[in-house]
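Notes to accompany the following structure.
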Amino acid sequence: MRRKTVLTTVFIIIILFTSLFFVSKSIMLAGFEKLEMGYAERNLNRTISALNGEIDGLDMKLYDWAAWDDTYHFIDEPNQGYLDSNIVTGTFTGLELNVILYVDLNATVIFGKTLDRETEDEYPNSAELIDSIMANDLLFDLPYSESYASGLIRTCNGPMIVASRPTQNSACDSPLNGAMLMGRFFDNDVSERLSELVNLPVTFYLTNEDKPADFNEAERHLNESDEPNFIQTIDKDYIAGYTIINDINDSSLFIIKTEMPRDIYQYGVASFNYFQIALLIVMSIIGSITLLTLDMVVVKRLSILNSEVKTIAHDENRSTRISVSGKDEISSLASEVNLMLDSIEESEKVRGIINDKLTSKVVELERSDKASLNIMEDLNETVDTLKSMEKKLATKNKELEDYTYTVSHDLKAPLVTIQGFSDLLASNYAEKLDDKGRHYIDRINQGSERLNALISDLLELSRAGRKLKPFQWHDFNEIIKGSLESLEGKISGANVKVVHPNDFPKIYGDDMRLSQVVNNLVGNAVNYMGEQKSPQVNIGWKESGAFYEFWVQDNGIGIKDEDKTRIFNIFERASEGGAEGSGIGLSIVKKIVETHGGEIRVESVFGKGSKFIFTIPKKGADE
């Protein structure tokens, strides 16, 4: 037992440690991952804010030009002087522009110029570039002096940051006469500037061009969900945030990505490792304390109890008692065993007294016939004494039945606890155990179920001699019908044919107890059919003087002669058949039949079947 306790405790500690390991790992690292993803999303939002700052900055620069008297007059009367003074290379490089456009109220281009700031030459496809800009009508739908349009557009030369405003005089009180537009390509220079602003790498790819795998995954996720951002880990060292940037027409233009190192997660991994070391130390200490406590409080005391019970079993001196002290279940069990020993000792004393008196009376009868009258009187006295002793024995038997009920009932509580924890391990941790661990749990469940069945049968046996309810008249046809319905699955599963008449009499008794008798006898008949090709059970009845005689007959394996008398004893079963059971069922049946004032017997030829016959008084025993 000590070795099993150590192994069980170690096994439980390992399961607890493993469970805590995975649960804490899931919780702690998930928390750090969530925190890390939050930081990644904030950095992505900082990048988007920086991009919006670029757009707003361009709009502010345009505002100074569009609301200017010289620009206003240039729209009405284009002149070379305005262009020579203002629309020069320095203007483009200083304002970081690639395009400047002037249009009238009809969105007709009055003047447009494009410039490659690196070469300081006009773009070779300048006309196509201006046409692709002009295709965005929202840029020039500016009906009010406060109107403006800014954002990103798709051009033949790539994405471009643009801003447009209506042209008016410096006082902003003139009628609108056109619009002015400035544009800057969203290129690597802008991407690098965004990276400097957020202090993190920033990259982008157009939605209609070939992209790396992580960009394709991000684009798919963003298109399938309603979330504006997508965060994913690239590897153990970096995490990235992605979002789709739309143009002013609300069409997808490009995907922008911001990377950041996984410093938070690495810190979480280090913290988790320290936590596991501490957890291992604590679990080892708890396991040691648990083993020591179990050994002192339970295992050692059970060993003493076991040793003393064995000594009493082999000792002819019935006065020896168990000496386990305390106020728990173990000491309570020891006390109950001592009470049982007291009852046995007293019963043996009573039997000795009876034997002594009977012996004495027999001797007196042999010595003299003349003392027959006195002997008869003494015998009557002895009979009275026997009746008194019988009453005491009945009381003791009642106490033993109550003790059986109490012990069986008390054993239920720890058994339920064992089954509960076993089921909890099987349901919550089965996937975390190896095959051997799951096998151990199955063995625990099987043993618990067998023990639970045995205890339940013992409880039923202790109750079998008592009435569940007052006796009444019942139609035995209904009792037979109910029993066969409850056994329908077993009967059909074994392909057994059940034959019975429909003219059973009414009997006086407890219908629930009588149903137990039929259920047990028919169930046994089905269980012990053996290899019978045409299994059949016959249920019948007849009148027999003051009794009704009922029988359940089968054509199964039968019962050997040496087994016929002992199968009605508790825990006794037929030596052949191999059917599962606790060996208590026929003991329960016998008690129920005797409680109703009847008897039960068996007739059987080994190999040819058995016939169980029981009687019930025509008029109830207590009616």
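Residue numbering restarts at 1 for every chain of the structure tokens, chains are lettered A, B, ... in their displayed order, and ligands are numbered from 1 as they appear.
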Name the residues in contact with Leu206 of chain A at a cut-off of 9 Å, using only C-alpha atoms, excluding same-chain residues fewer than 3 positions from it; report them as a PyMOL selection string. chain A and resi 158-159+209-211+252-256
If you measure from atom CA of Phe614 of chain A to atom CA of Lys387 of chain A, what distance in Å do you get, rounded to one decimal? 27.9 Å
With the cut-off set at 6 Å and counting only C-alpha atoms, tabulate each residue of segment 92-181 of chain A with an atom at most that distance from an atom of segment 58-68 of chain A, showing the nearest atom pair and its distance in Å to one decimal, ordered by chain and increasing number, as JSON lines.
{"residue": "A:Ala163", "atom": "CA", "partner": "A:Asp59", "partner_atom": "CA", "distance": 5.3}
{"residue": "A:Thr167", "atom": "CA", "partner": "A:Ala66", "partner_atom": "CA", "distance": 4.7}
{"residue": "A:Gln168", "atom": "CA", "partner": "A:Ala67", "partner_atom": "CA", "distance": 5.0}
{"residue": "A:Asn169", "atom": "CA", "partner": "A:Trp68", "partner_atom": "CA", "distance": 5.1}
{"residue": "A:Ser170", "atom": "CA", "partner": "A:Trp68", "partner_atom": "CA", "distance": 4.4}
{"residue": "A:Met180", "atom": "CA", "partner": "A:Ala66", "partner_atom": "CA", "distance": 5.9}
At a cut-off of 9 Å, using only C-alpha atoms, what residues contact Leu291 of chain A? Leave out same-chain residues fewer than 2 positions from it and give the result as a PDB file with N, CA and C atoms, in the first residue's frame.
ATOM      1  N   THR A   5       0.802   4.126  -2.716  1.00  0.00           N
ATOM      2  CA  THR A   5       0.545   5.519  -2.330  1.00  0.00           C
ATOM      3  C   THR A   5       1.614   6.446  -2.899  1.00  0.00           C
ATOM      4  N   VAL A   6       2.889   6.003  -2.813  1.00  0.00           N
ATOM      5  CA  VAL A   6       3.984   6.828  -3.348  1.00  0.00           C
ATOM      6  C   VAL A   6       3.827   7.002  -4.855  1.00  0.00           C
ATOM      7  N   THR A   9       0.827   9.258  -5.633  1.00  0.00           N
ATOM      8  CA  THR A   9       1.110  10.665  -5.325  1.00  0.00           C
ATOM      9  C   THR A   9       2.055  11.265  -6.363  1.00  0.00           C
ATOM     10  N   VAL A  10       3.115  10.509  -6.702  1.00  0.00           N
ATOM     11  CA  VAL A  10       4.064  11.003  -7.719  1.00  0.00           C
ATOM     12  C   VAL A  10       3.351  11.198  -9.051  1.00  0.00           C
ATOM     13  N   ILE A 286       5.566  20.257  -1.973  1.00  0.00           N
ATOM     14  CA  ILE A 286       4.187  19.841  -1.678  1.00  0.00           C
ATOM     15  C   ILE A 286       4.056  18.321  -1.760  1.00  0.00           C
ATOM     16  N   GLY A 287       4.685  17.706  -2.788  1.00  0.00           N
ATOM     17  CA  GLY A 287       4.618  16.262  -2.941  1.00  0.00           C
ATOM     18  C   GLY A 287       5.240  15.538  -1.760  1.00  0.00           C
ATOM     19  N   SER A 288       6.399  16.037  -1.287  1.00  0.00           N
ATOM     20  CA  SER A 288       7.060  15.405  -0.148  1.00  0.00           C
ATOM     21  C   SER A 288       6.199  15.499   1.107  1.00  0.00           C
ATOM     22  N   ILE A 289       5.642  16.692   1.351  1.00  0.00           N
ATOM     23  CA  ILE A 289       4.786  16.873   2.527  1.00  0.00           C
ATOM     24  C   ILE A 289       3.548  15.981   2.447  1.00  0.00           C
ATOM     25  N   THR A 293       2.500  13.053   5.081  1.00  0.00           N
ATOM     26  CA  THR A 293       1.216  13.162   5.782  1.00  0.00           C
ATOM     27  C   THR A 293       0.354  11.927   5.551  1.00  0.00           C
ATOM     28  N   LEU A 294       0.270  11.474   4.287  1.00  0.00           N
ATOM     29  CA  LEU A 294      -0.519  10.286   3.985  1.00  0.00           C
ATOM     30  C   LEU A 294       0.034   9.058   4.703  1.00  0.00           C
ATOM     31  N   ASP A 295       1.345   8.966   4.760  1.00  0.00           N
ATOM     32  CA  ASP A 295       1.950   7.809   5.420  1.00  0.00           C
ATOM     33  C   ASP A 295       1.607   7.780   6.911  1.00  0.00           C
ATOM     34  N   MET A 296       1.688   8.933   7.564  1.00  0.00           N
ATOM     35  CA  MET A 296       1.433   8.982   9.003  1.00  0.00           C
ATOM     36  C   MET A 296      -0.053   8.867   9.331  1.00  0.00           C
TER      37      MET A 296
END
Enumerate, as JSON, numbers by chain, the complete set of residues in segment 478-612 of chain A that a backbone-based DSSP assignment places in strand (DSSP E). {"A": [497, 498, 499, 506, 507, 508, 509, 536, 537, 538, 539, 540, 541, 542, 543, 544, 547, 548, 549, 550, 551, 552, 553, 554, 600, 601, 602, 603, 604, 605, 609, 610, 611, 612]}
Once you have the residues from the selection above, write them out as a compact mmCIF listing (two decimals), in the first residue's frame, restricted to N, CA and C atoms.
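Output contents, as saved in selection36.txt:
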# COMPACT_ATOMS: atom_id res chain seq x y z
N LYS A 497 -35.86 -16.47 -26.63
CA LYS A 497 -37.32 -16.47 -26.74
C LYS A 497 -37.91 -16.67 -25.35
N VAL A 498 -38.83 -15.79 -24.94
CA VAL A 498 -39.47 -15.88 -23.63
C VAL A 498 -40.95 -16.26 -23.84
N VAL A 499 -41.38 -17.35 -23.18
CA VAL A 499 -42.74 -17.86 -23.33
C VAL A 499 -43.43 -17.79 -21.97
N LYS A 506 -53.75 -12.66 -9.20
CA LYS A 506 -53.38 -11.51 -8.40
C LYS A 506 -52.74 -12.02 -7.11
N ILE A 507 -51.68 -11.33 -6.69
CA ILE A 507 -50.98 -11.76 -5.49
C ILE A 507 -50.85 -10.58 -4.54
N TYR A 508 -50.65 -10.92 -3.27
CA TYR A 508 -50.59 -9.92 -2.22
C TYR A 508 -49.13 -9.72 -1.82
N GLY A 509 -48.61 -8.47 -2.01
CA GLY A 509 -47.22 -8.23 -1.68
C GLY A 509 -46.74 -6.87 -2.16
N GLN A 536 -34.31 -20.47 -24.86
CA GLN A 536 -35.72 -20.20 -24.53
C GLN A 536 -35.89 -20.17 -23.01
N VAL A 537 -36.73 -19.23 -22.55
CA VAL A 537 -37.09 -19.10 -21.13
C VAL A 537 -38.60 -19.24 -21.01
N ASN A 538 -39.06 -20.15 -20.11
CA ASN A 538 -40.49 -20.36 -19.88
C ASN A 538 -40.83 -19.86 -18.47
N ILE A 539 -41.89 -19.04 -18.39
CA ILE A 539 -42.38 -18.55 -17.11
C ILE A 539 -43.78 -19.12 -16.92
N GLY A 540 -44.01 -19.76 -15.78
CA GLY A 540 -45.32 -20.38 -15.58
C GLY A 540 -45.76 -20.33 -14.12
N TRP A 541 -46.94 -20.92 -13.85
CA TRP A 541 -47.48 -20.92 -12.49
C TRP A 541 -48.52 -22.03 -12.34
N LYS A 542 -48.80 -22.36 -11.08
CA LYS A 542 -49.88 -23.29 -10.75
C LYS A 542 -50.26 -23.09 -9.29
N GLU A 543 -51.44 -23.60 -8.93
CA GLU A 543 -51.86 -23.56 -7.53
C GLU A 543 -51.26 -24.74 -6.80
N SER A 544 -50.84 -24.52 -5.55
CA SER A 544 -50.26 -25.59 -4.74
C SER A 544 -50.73 -25.42 -3.30
N PHE A 547 -50.72 -21.98 -1.54
CA PHE A 547 -49.73 -21.13 -2.19
C PHE A 547 -49.94 -21.12 -3.70
N TYR A 548 -49.45 -20.08 -4.30
CA TYR A 548 -49.25 -20.05 -5.74
C TYR A 548 -47.78 -20.40 -5.99
N GLU A 549 -47.57 -21.30 -6.94
CA GLU A 549 -46.20 -21.69 -7.25
C GLU A 549 -45.83 -21.12 -8.63
N PHE A 550 -44.75 -20.34 -8.67
CA PHE A 550 -44.28 -19.73 -9.91
C PHE A 550 -42.91 -20.31 -10.27
N TRP A 551 -42.59 -20.34 -11.54
CA TRP A 551 -41.26 -20.84 -11.93
C TRP A 551 -40.73 -20.08 -13.16
N VAL A 552 -39.40 -20.05 -13.25
CA VAL A 552 -38.66 -19.53 -14.41
C VAL A 552 -37.72 -20.63 -14.86
N GLN A 553 -37.97 -21.18 -16.05
CA GLN A 553 -37.24 -22.35 -16.53
C GLN A 553 -36.49 -21.98 -17.82
N ASP A 554 -35.23 -22.45 -17.94
CA ASP A 554 -34.45 -22.19 -19.15
C ASP A 554 -33.83 -23.48 -19.67
N ILE A 600 -38.05 -20.66 -1.93
CA ILE A 600 -37.49 -20.78 -3.28
C ILE A 600 -36.56 -21.97 -3.33
N ARG A 601 -36.58 -22.69 -4.46
CA ARG A 601 -35.68 -23.82 -4.65
C ARG A 601 -35.31 -23.89 -6.13
N VAL A 602 -34.38 -24.79 -6.45
CA VAL A 602 -33.96 -24.94 -7.84
C VAL A 602 -33.95 -26.41 -8.21
N GLU A 603 -34.39 -26.70 -9.43
CA GLU A 603 -34.29 -28.03 -10.02
C GLU A 603 -33.47 -27.88 -11.29
N SER A 604 -32.47 -28.74 -11.44
CA SER A 604 -31.60 -28.56 -12.60
C SER A 604 -30.89 -29.86 -12.94
N VAL A 605 -30.68 -30.06 -14.24
CA VAL A 605 -29.83 -31.13 -14.76
C VAL A 605 -28.69 -30.46 -15.49
N GLY A 609 -30.32 -27.32 -18.49
CA GLY A 609 -31.13 -26.19 -18.08
C GLY A 609 -31.50 -26.23 -16.61
N SER A 610 -32.12 -25.16 -16.15
CA SER A 610 -32.48 -25.01 -14.74
C SER A 610 -33.90 -24.50 -14.62
N LYS A 611 -34.54 -24.80 -13.45
CA LYS A 611 -35.89 -24.35 -13.16
C LYS A 611 -35.92 -23.82 -11.72
N PHE A 612 -36.06 -22.50 -11.59
CA PHE A 612 -36.15 -21.86 -10.28
C PHE A 612 -37.62 -21.72 -9.92
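Take atom CA of Ser427 of chain A and atom CA of Ile444 of chain A: the distance between them is 14.0 Å.
Residues with any atom within 12 Å of Val297 of chain A, counting only C-alpha atoms and excluding same-chain neighbours fewer than 4 positions away, are A:Ile289, A:Thr290, A:Leu291, A:Leu292, A:Thr293, A:Arg301, A:Leu302, A:Ser303, A:Ile304, A:Val324, A:Ser325, A:Gly326, A:Lys327, A:Asp328, A:Glu329, A:Ile330, A:Ser331.
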Polymer residues at most 12 Å from Asn216 of chain A, only C-alpha atoms, same-chain spacing of 2 or more positions, as a tab-separated table (two decimals) with N, CA and C atoms, in the first residue's frame:
chain	number	residue	atom	x	y	z
A	204	PHE	N	6.00	48.99	-48.42
A	204	PHE	CA	4.68	48.94	-49.02
A	204	PHE	C	4.76	48.24	-50.36
A	205	TYR	N	3.62	47.67	-50.81
A	205	TYR	CA	3.49	47.05	-52.12
A	205	TYR	C	2.10	47.39	-52.66
A	206	LEU	N	2.04	47.68	-54.00
A	206	LEU	CA	0.75	47.92	-54.63
A	206	LEU	C	-0.08	46.65	-54.62
A	207	THR	N	-1.40	46.81	-54.54
A	207	THR	CA	-2.27	45.63	-54.46
A	207	THR	C	-2.30	44.84	-55.76
A	208	ASN	N	-1.93	45.48	-56.88
A	208	ASN	CA	-2.00	44.79	-58.17
A	208	ASN	C	-0.63	44.32	-58.66
A	209	GLU	N	0.36	44.27	-57.79
A	209	GLU	CA	1.67	43.80	-58.20
A	209	GLU	C	2.06	42.58	-57.37
A	210	ASP	N	3.09	41.87	-57.85
A	210	ASP	CA	3.57	40.70	-57.12
A	210	ASP	C	4.15	41.14	-55.78
A	211	LYS	N	3.82	40.36	-54.73
A	211	LYS	CA	4.22	40.73	-53.37
A	211	LYS	C	4.80	39.50	-52.67
A	212	PRO	N	5.57	39.72	-51.60
A	212	PRO	CA	6.04	38.60	-50.78
A	212	PRO	C	4.87	37.85	-50.15
A	213	ALA	N	5.15	36.64	-49.67
A	213	ALA	CA	4.08	35.77	-49.14
A	213	ALA	C	3.35	36.40	-47.96
A	214	ASP	N	4.11	37.10	-47.07
A	214	ASP	CA	3.44	37.67	-45.89
A	214	ASP	C	2.48	38.78	-46.29
A	218	ALA	N	-1.57	38.80	-45.60
A	218	ALA	CA	-2.20	39.95	-44.96
A	218	ALA	C	-3.34	40.49	-45.82
A	219	GLU	N	-3.11	40.57	-47.14
A	219	GLU	CA	-4.15	41.09	-48.04
A	219	GLU	C	-5.38	40.18	-48.01
A	220	ARG	N	-5.16	38.86	-48.04
A	220	ARG	CA	-6.29	37.92	-48.00
A	220	ARG	C	-7.09	38.09	-46.71
A	221	HIS	N	-6.38	38.19	-45.57
A	221	HIS	CA	-7.07	38.32	-44.29
A	221	HIS	C	-7.84	39.64	-44.20
A	222	LEU	N	-7.23	40.71	-44.65
A	222	LEU	CA	-7.90	42.02	-44.56
A	222	LEU	C	-9.12	42.08	-45.47
A	223	ASN	N	-9.07	41.42	-46.61
A	223	ASN	CA	-10.22	41.42	-47.52
A	223	ASN	C	-11.36	40.55	-47.00
A	230	PHE	N	-4.09	44.03	-39.64
A	230	PHE	CA	-3.74	42.62	-39.50
A	230	PHE	C	-2.35	42.54	-38.89
A	242	TYR	N	-0.01	45.14	-40.71
A	242	TYR	CA	-0.33	45.42	-42.10
A	242	TYR	C	-1.68	46.12	-42.16
A	243	THR	N	-1.84	46.99	-43.15
A	243	THR	CA	-3.14	47.60	-43.43
A	243	THR	C	-3.20	47.99	-44.88
A	244	ILE	N	-4.41	48.01	-45.44
A	244	ILE	CA	-4.61	48.42	-46.83
A	244	ILE	C	-4.91	49.91	-46.86
A	254	PHE	N	-2.49	50.26	-52.00
A	254	PHE	CA	-1.31	49.48	-51.63
A	254	PHE	C	-1.44	49.01	-50.18
A	255	ILE	N	-0.61	48.03	-49.84
A	255	ILE	CA	-0.54	47.49	-48.47
A	255	ILE	C	0.73	48.01	-47.84
A	256	ILE	N	0.60	48.57	-46.64
A	256	ILE	CA	1.75	49.11	-45.93
A	256	ILE	C	2.05	48.23	-44.72
A	257	LYS	N	3.32	48.05	-44.43
A	257	LYS	CA	3.75	47.13	-43.37
A	257	LYS	C	4.73	47.83	-42.44
Out of segment 111-262 of chain A, which residues get helix (DSSP H, G or I) from DSSP, as a PyMOL selection string? chain A and resi 126-134+137-140+188-198+213-224
